[in-house]
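For reference, run11.txt (compact mmCIF, C-alpha atoms and all ligand atoms):
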```txt
# COMPACT_ATOMS: atom_id res chain seq x y z
CA MET A 1 15.87 -1.79 17.51
CA THR A 2 12.92 -4.07 16.71
CA LYS A 3 12.24 -5.17 13.16
CA PRO A 4 10.15 -2.72 11.14
CA ARG A 5 6.53 -3.79 10.94
CA ILE A 6 5.39 -3.55 7.33
CA ALA A 7 1.78 -3.63 6.09
CA ILE A 8 1.03 -4.88 2.61
CA ILE A 9 -2.27 -3.27 1.72
CA ILE A 10 -4.58 -4.69 -0.96
CA GLY A 11 -5.91 -1.51 -2.58
CA THR A 12 -9.02 -2.85 -4.32
CA THR A 13 -12.12 -4.51 -2.89
CA ARG A 14 -14.43 -5.56 -5.75
CA ALA A 15 -15.71 -9.15 -5.78
CA ASN A 16 -13.54 -10.53 -8.59
CA ARG A 17 -10.54 -8.28 -8.05
CA PHE A 18 -7.12 -9.27 -9.29
CA GLY A 19 -5.37 -7.30 -6.53
CA GLU A 20 -4.98 -10.05 -3.99
CA LYS A 21 -2.82 -12.11 -6.37
CA PRO A 22 0.08 -9.62 -6.55
CA ALA A 23 -0.51 -8.73 -2.87
CA LYS A 24 -0.07 -12.35 -1.77
CA TRP A 25 2.93 -12.67 -4.09
CA ILE A 26 4.76 -9.64 -2.64
CA HIS A 27 3.72 -10.65 0.87
CA GLY A 28 5.37 -14.05 0.34
CA ILE A 29 8.63 -12.46 -0.76
CA ALA A 30 8.68 -9.87 2.04
CA ALA A 31 7.73 -12.47 4.68
CA ALA A 32 10.74 -14.59 3.65
CA ARG A 33 13.07 -11.75 4.70
CA GLU A 34 14.27 -11.89 8.27
CA ASP A 35 14.69 -8.13 8.67
CA MET A 36 11.02 -7.11 8.62
CA ALA A 37 7.71 -8.34 10.09
CA VAL A 38 5.00 -8.21 7.44
CA GLU A 39 1.22 -8.44 7.52
CA LEU A 40 -1.26 -8.57 4.67
CA ILE A 41 -4.06 -6.04 5.13
CA ASP A 42 -7.30 -6.32 3.18
CA LEU A 43 -9.43 -3.19 2.84
CA ARG A 44 -12.47 -5.49 2.64
CA ASP A 45 -11.99 -6.03 6.38
CA TYR A 46 -12.48 -2.27 6.92
CA PRO A 47 -15.73 -1.43 5.10
CA MET A 48 -15.86 2.32 5.79
CA PRO A 49 -18.47 4.60 4.22
CA PHE A 50 -17.30 7.34 1.85
CA PHE A 51 -15.54 9.80 4.11
CA ASP A 52 -18.21 11.16 6.44
CA GLU A 53 -16.54 12.72 9.46
CA PRO A 54 -16.59 16.36 10.64
CA ALA A 55 -12.90 16.66 9.68
CA THR A 56 -9.73 14.66 9.17
CA ASN A 57 -8.74 12.78 12.32
CA ALA A 58 -5.70 15.05 12.49
CA TRP A 59 -8.17 17.61 13.92
CA VAL A 60 -11.26 15.76 15.15
CA PRO A 61 -11.40 12.16 16.41
CA SER A 62 -13.46 9.95 14.06
CA LYS A 63 -16.85 8.65 15.17
CA ASN A 64 -17.21 5.70 12.81
CA GLU A 65 -16.26 2.47 14.61
CA VAL A 66 -14.68 0.83 11.56
CA ALA A 67 -12.67 3.99 10.91
CA LYS A 68 -11.38 3.90 14.48
CA ARG A 69 -10.43 0.23 14.05
CA TRP A 70 -8.69 1.10 10.76
CA GLN A 71 -6.72 3.95 12.35
CA LYS A 72 -5.59 1.63 15.13
CA LYS A 73 -4.43 -0.95 12.58
CA VAL A 74 -2.56 1.65 10.47
CA ALA A 75 -0.82 2.92 13.62
CA GLU A 76 0.70 -0.52 14.25
CA PHE A 77 3.11 -0.27 11.30
CA ASP A 78 6.43 1.38 10.47
CA GLY A 79 5.99 1.23 6.70
CA TYR A 80 3.57 0.23 3.97
CA VAL A 81 3.46 -1.43 0.56
CA PHE A 82 0.41 -0.31 -1.40
CA VAL A 83 -0.66 -2.88 -3.98
CA THR A 84 -2.79 -0.98 -6.42
CA ALA A 85 -4.61 -0.96 -9.72
CA GLU A 86 -5.36 2.09 -11.81
CA TYR A 87 -9.01 3.06 -12.19
CA ASN A 88 -9.39 5.63 -14.96
CA ARG A 89 -5.75 6.72 -14.52
CA GLY A 90 -6.21 7.30 -10.80
CA VAL A 91 -6.06 5.63 -7.41
CA PRO A 92 -8.98 3.19 -6.79
CA ALA A 93 -11.60 5.00 -4.69
CA ALA A 94 -11.56 2.39 -1.90
CA LEU A 95 -7.84 2.99 -1.37
CA LYS A 96 -8.15 6.78 -1.50
CA ASN A 97 -11.00 6.62 1.03
CA ALA A 98 -8.92 4.44 3.36
CA LEU A 99 -5.99 6.86 3.06
CA ASP A 100 -8.29 9.79 3.92
CA TYR A 101 -9.61 8.01 7.00
CA ALA A 102 -6.28 8.25 8.86
CA TYR A 103 -3.69 10.99 9.18
CA PRO A 104 -1.31 10.98 12.17
CA GLU A 105 -1.08 7.19 11.82
CA TRP A 106 0.57 7.57 8.36
CA ASN A 107 2.89 10.44 9.32
CA ARG A 108 6.69 10.07 9.12
CA LYS A 109 6.57 6.55 7.71
CA PRO A 110 7.69 5.26 4.30
CA ALA A 111 5.51 3.93 1.48
CA ALA A 112 6.37 1.61 -1.41
CA TYR A 113 4.24 0.54 -4.36
CA VAL A 114 3.31 -2.51 -6.41
CA GLY A 115 1.09 -1.77 -9.42
CA TYR A 116 -0.64 -3.80 -12.09
CA GLY A 117 -2.52 -2.91 -15.27
CA SER A 118 -1.83 -1.82 -18.84
CA VAL A 119 0.99 0.47 -17.68
CA GLY A 120 1.59 -1.29 -14.36
CA ALA A 121 -0.56 1.36 -12.61
CA ALA A 122 2.30 3.83 -13.13
CA ARG A 123 -0.05 6.81 -13.38
CA SER A 124 -2.06 5.76 -10.35
CA ILE A 125 1.15 5.25 -8.36
CA GLU A 126 2.49 8.69 -9.29
CA HIS A 127 -0.76 10.13 -7.93
CA LEU A 128 -0.45 7.94 -4.85
CA ARG A 129 3.06 9.28 -4.21
CA LEU A 130 1.67 12.84 -4.15
CA ILE A 131 -1.11 11.80 -1.76
CA CYS A 132 1.53 10.21 0.47
CA ILE A 133 3.45 13.51 0.60
CA GLU A 134 0.32 15.24 1.90
CA LEU A 135 0.03 12.48 4.52
CA GLN A 136 3.60 13.34 5.60
CA MET A 137 4.92 9.99 4.45
CA ALA A 138 8.20 9.21 2.69
CA PRO A 139 7.36 7.75 -0.75
CA THR A 140 10.19 5.52 -1.97
CA ARG A 141 11.66 5.48 -5.46
CA THR A 142 11.58 1.96 -6.90
CA GLY A 143 8.18 0.61 -7.84
CA VAL A 144 7.19 -2.84 -9.04
CA HIS A 145 4.98 -2.66 -12.13
CA ILE A 146 3.24 -5.71 -13.61
CA GLN A 147 2.26 -4.40 -16.98
CA GLY A 148 1.24 -4.85 -20.60
CA SER A 149 1.06 -8.37 -22.00
CA ASP A 150 2.59 -9.73 -18.78
CA PHE A 151 -0.30 -8.31 -16.78
CA MET A 152 -2.75 -9.80 -19.28
CA ALA A 153 -1.02 -13.20 -19.07
CA VAL A 154 -1.16 -13.24 -15.27
CA TRP A 155 -4.67 -11.73 -15.11
CA GLN A 156 -6.41 -13.67 -17.89
CA GLN A 157 -4.25 -16.71 -18.60
CA GLY A 158 -3.20 -17.76 -15.12
CA LYS A 159 0.54 -17.16 -15.61
CA ASP A 160 2.54 -17.26 -12.35
CA ILE A 161 3.96 -13.84 -11.38
CA ASN A 162 7.16 -15.63 -10.31
CA GLU A 163 7.79 -16.41 -13.98
CA LEU A 164 8.32 -12.67 -14.59
CA SER A 165 11.89 -12.91 -13.35
CA TYR A 166 12.79 -9.38 -14.50
CA LEU A 167 10.57 -8.03 -11.68
CA GLN A 168 12.89 -9.51 -9.05
CA PRO A 169 15.61 -6.79 -9.05
CA ASN A 170 12.92 -4.14 -8.56
CA VAL A 171 11.25 -6.15 -5.80
CA LYS A 172 14.57 -6.38 -3.98
CA ALA A 173 15.40 -2.69 -4.46
CA MET A 174 11.89 -1.65 -3.41
CA LEU A 175 11.95 -3.70 -0.20
CA ASN A 176 15.52 -2.59 0.59
CA GLU A 177 14.56 1.07 0.19
CA LEU A 178 11.45 0.56 2.31
CA TYR A 179 13.51 -1.17 4.99
CA TRP A 180 16.11 1.61 5.03
CA TRP A 181 13.52 4.35 5.38
CA ALA A 182 11.47 2.40 7.92
CA ARG A 183 14.52 1.97 10.17
CA ALA A 184 15.67 5.58 9.71
CA LEU A 185 12.24 6.97 10.51
CA MET A 186 11.70 4.61 13.45
CA ALA A 187 14.89 6.04 14.97
CA ALA A 188 13.89 9.60 14.12
CA ARG A 189 10.39 9.19 15.60
CA ALA A 190 11.86 7.67 18.75
CA ALA A 191 14.35 10.53 19.08
CA ALA A 192 11.61 13.12 18.63
CA THR A 193 9.42 11.85 21.48
C1 LIG A 201 -13.36 1.33 -13.17
C2 LIG A 201 -12.13 0.77 -13.84
C3 LIG A 201 -11.26 1.64 -14.45
C4 LIG A 201 -10.08 1.15 -15.04
N1 LIG A 201 -9.17 2.03 -15.56
C5 LIG A 201 -7.96 1.56 -15.95
C6 LIG A 201 -6.91 2.48 -16.27
O1 LIG A 201 -7.06 3.67 -16.24
N2 LIG A 201 -5.70 1.95 -16.61
C7 LIG A 201 -5.46 0.59 -16.62
O2 LIG A 201 -4.35 0.17 -16.90
N3 LIG A 201 -6.45 -0.29 -16.32
C8 LIG A 201 -7.67 0.16 -15.98
N4 LIG A 201 -8.66 -0.72 -15.63
C9 LIG A 201 -8.40 -2.17 -15.78
C10 LIG A 201 -7.71 -2.70 -14.53
O3 LIG A 201 -6.31 -2.59 -14.67
C11 LIG A 201 -8.06 -4.16 -14.27
O4 LIG A 201 -9.48 -4.33 -14.33
C12 LIG A 201 -7.58 -4.61 -12.91
O5 LIG A 201 -7.85 -5.99 -12.76
C13 LIG A 201 -8.27 -3.80 -11.80
O6 LIG A 201 -7.80 -4.16 -10.52
P1 LIG A 201 -8.70 -5.09 -9.52
O7 LIG A 201 -9.04 -6.34 -10.34
O8 LIG A 201 -7.80 -5.38 -8.38
O9 LIG A 201 -9.93 -4.31 -9.19
C14 LIG A 201 -9.83 -0.24 -15.06
C15 LIG A 201 -10.74 -1.11 -14.43
C16 LIG A 201 -11.87 -0.62 -13.82
C17 LIG A 201 -12.80 -1.58 -13.11
```
Once you've parsed the file, please lay out its structure as structure tokens.
Ligand SMILES: Cc1cc2nc3c(=O)[nH]c(=O)nc-3n(C[C@H](O)[C@H](O)[C@H](O)COP(=O)(O)O)c2cc1C
Amino acid sequence: MTKPRIAIIIGTTRANRFGEKPAKWIHGIAAAREDMAVELIDLRDYPMPFFDEPATNAWVPSKNEVAKRWQKKVAEFDGYVFVTAEYNRGVPAALKNALDYAYPEWNRKPAAYVGYGSVGAARSIEHLRLICIELQMAPTRTGVHIQGSDFMAVWQQGKDINELSYLQPNVKAMLNELYWWARALMAARAAAT
């Protein structure tokens, strides 16, 4: 079986976002593993309008060219790491919009989560897990949460995320769970077709 292809998706797009820092950090760790092939995906490269299609692409093919390009990109992967903030206790709108713009491409694939913010985006990630269930994904258990004064130190004072050594066990568990589910569901999808 080929290595699972894992997308690390930067969930925010604003000009001075923090999101790409933890995304590049987790990408570096995942890329160092030999058991998965990882790619960093930036939603800025897929500037889709607020959802404006006749229906979900589960029912009606999308017309928007960027949406079609996005769906094709999502389809390339066997699993996903969403790197997300929390905007007013919820999932950032750009990420929710990108999730809505695909459907079969997400199905039967696992999702893992890296969050940052006052509570490490825990509330946003719980919401994201529910959204992933509707997308017929397999949300995994262990999240990585950069939170509280540690988030402030990394965000405002330039502290290196690698200095937060207590995150490492969760990073390892999260990637191991994602790997396990990605392999299991790759086999299951192959058997079903
Ligand atoms: C519109 C908005 C709403 C926010 N709401 C929350 C929130 O509910 N909880 C939280 O911990 N941080 C919240 N924050 C602060 C973010 O954690 C912080 O700005 C973070 O850097 C946002 O991610 P980004 O820089 O990748 O956009 C909010 C920020 C914005 C811009």
Need the axis-aligned box for range 177-182 of chain A with 3 Å each side, so what are the centre and edges in Å to one decimal, as AutoDock Vina command-line options?
```
--center_x 13.8 --center_y 1.6 --center_z 4.1 --size_x 10.7 --size_y 11.5 --size_z 13.7
```
Any idea what's packed within 9 Å of range 125-140 of chain A, counting all atoms listed in the file, ignoring anything in its chain fewer than 3 positions away? Could you give it as an MDAnalysis selection string?
chainID A and resid 82 84:86 89:91 96 99:100 102:104 106:115 120:122 143 174 177:178 181
So that I can check the surroundings of range 44-51 of chain A, please list as number ranges by chain every protein, DNA and RNA residue that reaches within 7 Å of it, counting all atoms listed in the file and ignoring chain neighbours fewer than 4 positions away.
A: 13, 66-67, 70, 97, 101
Could the residues that lie within 9 Å of ligand LIG 201 (chain A), counting all atoms listed in the file, be listed as a PyMOL selection string?
chain A and resi 10-21+83-90+92+116-124+147-148+151+155
For Val171 in chain A, which of A:Leu40, A:Phe77, A:Ala94, A:His27 is the closest residue, counting all atoms listed in the file?
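Counting all atoms listed in the file, the residue closest to Val171 in chain A is A:His27.
Of the listed residues (A:Gly28, A:Pro22, A:Pro54, A:Pro4), A:Pro4 comes nearest to Glu76 in chain A; the distances count all atoms listed in the file.
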All residues 10 Å or closer to Thr2 in chain A, only C-alpha atoms, same chain fewer than 2 positions away omitted, as a list in words:
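Here the answer would be Pro4, Arg5, Asp35, Met36, Ala37, Arg183 and Met186 of chain A.
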Out of A:Arg141, A:Arg33, A:Arg69, A:Lys24, which residue has the shortest atom-to-atom distance to Ile161 in chain A when counting only C-alpha atoms?
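That would be A:Lys24, the residue with the smallest distance to Ile161 in chain A.
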Just how far from CA of Tyr80 in chain A is CA of Ala55 in chain A, in Å to one decimal?
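Separation between CA of Ala55 in chain A and CA of Tyr80 in chain A: 24.0 Å.
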Pick from A:Ile146, A:Ala182, A:Ala190, A:Glu53: nearest to Lys3 in chain A, with all atoms listed in the file counted?
A:Ala182
Of the listed residues A:Ala173, A:Leu185, A:Ala30, A:Ala192, that which approaches Met1 in chain A most closely, counting only C-alpha atoms:
A:Leu185
In Å, rounded to a single decimal, give me how far CA of Gly79 in chain A is from CA of Leu95 in chain A.
16.1 Å
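If you look at CA of Ile41 in chain A and CA of Leu175 in chain A, they are 17.0 Å away from each other.
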Among the residues A:Ala23, A:Glu105, A:Gly158, A:Glu34, the one that comes closest to Ala75 in chain A [using all atoms listed in the file]:
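For Ala75 in chain A, the nearest of the candidates is A:Glu105.
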